[in-house]
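**Student:** One file is attached below, input.txt, containing compact mmCIF, C-alpha atoms.
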# COMPACT_ATOMS: atom_id res chain seq x y z
CA MET A 20 132.01 97.43 77.76
CA PRO A 21 134.72 95.70 75.77
CA TYR A 22 135.46 92.95 78.33
CA LEU A 23 132.68 90.78 79.78
CA VAL A 24 133.45 88.80 82.95
CA THR A 25 131.10 85.98 83.95
CA GLY A 26 131.13 83.83 87.05
CA THR A 27 128.75 81.33 88.67
CA ASN A 28 128.25 80.78 92.39
CA GLU A 29 125.60 79.02 94.51
CA TYR A 30 123.19 81.95 94.06
CA GLY A 31 123.41 82.23 90.28
CA SER A 32 125.62 83.76 87.64
CA ALA A 33 126.99 87.27 87.30
CA ASN A 34 127.81 89.08 84.07
CA LEU A 35 129.95 92.16 84.65
CA GLY A 36 131.58 94.44 82.10
CA ARG A 37 134.92 96.19 82.38
CA GLY A 38 136.54 98.73 80.07
CA THR A 39 140.14 97.51 80.23
CA ALA A 40 141.95 94.18 80.25
CA ILE A 41 143.54 94.94 83.62
CA GLY A 42 140.13 95.71 85.15
CA ALA A 43 138.67 92.50 83.75
CA LEU A 44 141.63 90.49 85.07
CA ARG A 45 141.25 91.98 88.57
CA LEU A 46 137.52 91.24 88.61
CA ALA A 47 138.01 87.65 87.40
CA ARG A 48 140.63 86.99 90.09
CA LYS A 49 138.33 88.53 92.72
CA LEU A 50 135.48 86.24 91.65
CA LEU A 51 137.80 83.23 91.88
CA ARG A 52 138.88 84.25 95.41
CA GLU A 53 135.24 84.57 96.44
CA GLY A 54 134.56 81.00 95.34
CA CYS A 55 132.87 81.51 91.99
CA MET A 56 133.01 78.62 89.55
CA ASP A 57 133.26 78.75 85.79
CA VAL A 58 134.85 82.23 85.66
CA ARG A 59 135.29 83.40 82.07
CA VAL A 60 136.41 86.59 80.35
CA CYS A 61 135.18 87.48 76.87
CA THR A 62 137.57 89.80 75.00
CA PRO A 63 136.49 92.51 72.50
CA ARG A 64 137.41 90.18 69.62
CA GLY A 65 135.08 87.50 70.97
CA ARG A 66 137.68 85.17 72.44
CA VAL A 67 136.52 83.48 75.66
CA LEU A 68 139.24 82.89 78.22
CA GLN A 69 138.77 80.26 80.93
CA SER A 70 140.07 80.75 84.46
CA ASP A 71 143.37 79.00 83.66
CA GLU A 72 143.99 81.30 80.66
CA LEU A 73 143.59 84.62 82.51
CA ASN A 74 147.34 85.27 82.49
CA GLU A 75 147.04 86.15 78.79
CA LEU A 76 145.28 89.38 79.80
CA ALA A 77 148.17 90.49 82.02
CA PRO A 78 150.41 93.19 80.50
CA GLN A 79 153.60 91.87 78.94
CA GLN A 80 156.81 92.39 80.90
CA GLU A 81 159.66 94.13 79.08
CA THR A 82 162.43 91.62 78.53
CA ASP A 83 165.06 94.06 77.30
CA ALA A 84 164.65 96.73 79.95
CA MET A 85 167.53 99.19 79.94
CA ALA A 86 169.03 100.97 82.87
CA LYS A 87 167.88 104.53 83.35
CA GLY A 88 171.27 105.91 82.37
CA GLN A 89 171.19 104.01 79.06
CA GLN A 90 167.78 105.27 77.97
CA ARG A 91 167.58 108.00 75.39
CA GLY A 92 165.43 111.02 75.86
CA ASN A 93 162.84 111.89 73.25
CA ARG A 94 163.11 115.64 73.68
CA GLU A 95 164.30 117.73 70.78
CA THR A 96 167.60 119.49 71.15
CA LYS A 97 167.38 123.22 71.66
CA LYS A 98 168.57 125.63 69.02
CA PRO A 99 171.66 127.59 70.00
CA LYS A 100 170.95 131.14 71.07
CA LYS A 101 171.91 133.95 68.74
CA GLU A 102 174.98 135.76 69.97
CA LYS A 103 174.32 139.37 70.93
CA THR A 104 176.93 142.05 70.48
CA LYS A 105 177.86 143.58 73.79
CA VAL A 106 177.29 147.31 74.11
CA ILE A 107 179.83 149.23 76.15
CA ALA A 108 178.15 152.04 78.07
CA ALA A 109 181.22 154.34 77.95
CA ALA A 110 181.46 154.21 74.17
CA PRO A 111 180.12 157.25 72.31
CA SER A 112 176.89 156.87 70.44
CA ARG A 113 177.20 156.41 66.70
CA LYS A 114 173.84 157.96 65.95
CA ASP A 115 173.78 161.14 63.89
CA ALA A 116 172.87 164.28 65.76
CA ALA A 117 169.17 164.90 65.31
CA TRP A 118 167.75 168.29 64.43
CA GLN A 119 166.74 170.28 67.48
CA PRO A 120 164.51 173.35 67.36
CA ASP A 121 165.99 176.78 67.97
CA PHE A 122 163.94 178.91 70.36
CA GLY A 123 165.87 182.12 69.71
CA PRO A 124 168.16 184.02 71.99
CA ALA A 125 167.57 183.42 75.66
CA LYS A 126 167.11 186.46 77.89
CA LYS A 127 169.60 186.89 80.65
CA LYS A 128 168.79 188.62 83.91
Could I get this structure in the form of structure tokens?
**Tutor:**
Amino acid sequence: MPYLVTGTNEYGSANLGRGTAIGALRLARKLLREGCMDVRVCTPRGRVLQSDELNELAPQQETDAMAKGQQRGNRETKKPKKEKTKVIAAAPSRKDAAWQPDFGPAKKK
């Protein structure tokens, strides 16, 4: 576990690991609410944060947030479709007449 949260109460100390900074921050605040003393969070780089320094784990707020209408999309623009020539159904076919077999003279009744 990258983040180690420790806290001491009247029964002893607890060492609990959490995978994310937000999870470690929630657990540390919970231990403080429950009356634990000496709550500390050890970061993956080895820095030990005391209970008054826990706000450093909180995600940073965006200061230059733009309105939704001002944001740019990251989608690529679509290629224009190839124009198709329209075929008129009444127009005669331009195909050459294909060879057709001759079955001989037909008998009439």
**Student:** Of the residues A:Arg37, A:Pro124, A:Ser70, A:Glu75, which is the one nearest to Leu51 (chain A), using all atoms listed in the file?
**Tutor:**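 Closest to Leu51 (chain A) of all the choices is A:Ser70.
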**Student:** I want to know what sits within 6 Å of Leu68 (chain A), based on all atoms listed in the file, with residues of the same chain fewer than 2 positions away left out; could you give that as a PyMOL selection string?
**Tutor:** chain A and resi 59-60+72
**Student:** For Lys49 (chain A), which residue among A:Thr25, A:Glu95, A:Gly31, A:Ile107 is the nearest when counting all atoms listed in the file?
**Tutor:**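 For Lys49 (chain A), the nearest of the candidates is A:Thr25.
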**Student:** Mind pulling up the distance from CA of Tyr22 (chain A) to CA of Leu35 (chain A)?
**Tutor:** 8.4 Å
**Student:** Take CA of Glu29 (chain A) and CA of Val58 (chain A) and report the distance between them in Å, one decimal.
**Tutor:**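 Atom-to-atom, CA of Glu29 (chain A) and CA of Val58 (chain A) are spaced 13.2 Å apart.
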**Student:** With distances taken over all atoms listed in the file, which of A:Arg48, A:Asn93, A:Gly54, A:Ile41 is nearest to Gln69 (chain A)?
**Tutor:**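 The shortest atom-to-atom distance to Gln69 (chain A) comes from A:Arg48.
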**Student:** Which distance in Å separates CA of Gly65 (chain A) and CA of Leu23 (chain A), to one decimal?
**Tutor:**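 We find that CA of Gly65 (chain A) and CA of Leu23 (chain A) lie 9.7 Å from each other.
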**Student:** Could the centre and edge lengths of an axis-aligned box, enclosing all atoms of region 68-77 of chain A in the file with 6 Å extra on each side, be given in Å to one decimal as JSON?
**Tutor:**
{"center_x": 143.5, "center_y": 84.7, "center_z": 81.3, "size_x": 21.4, "size_y": 23.5, "size_z": 18.2}
**Student:** Taking (133.9, 79.3, 86.7) in the file's coordinates, which residues come within 6 Å, counting all atoms listed in the file, written as a list in words?
**Tutor:** Gly26, Thr27, Cys55, Met56, Asp57 and Val58 of chain A
**Student:** Between A:Ala40, A:Val24, A:Ala33, A:Ala47, single out the one closest to Asp71 (chain A), counting all atoms listed in the file.
**Tutor:**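 Looking at the shortest contact to Asp71 (chain A), the residue is A:Ala47.
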**Student:** Which residue gives the smallest distance to Leu44 (chain A) among A:Ala77, A:Cys61, A:Val67, A:Ala109, with all atoms listed in the file counted?
**Tutor:**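 Of A:Ala77, A:Cys61, A:Val67, A:Ala109, the one nearest Leu44 (chain A), counting all atoms listed in the file, is A:Ala77.
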**Student:** Between A:Tyr30, A:Arg66, A:Thr96, A:Leu76, which one has atoms that come closest to Gly42 (chain A), using all atoms listed in the file?
**Tutor:**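 Of the candidates, the smallest distance to Gly42 (chain A) is held by A:Leu76.
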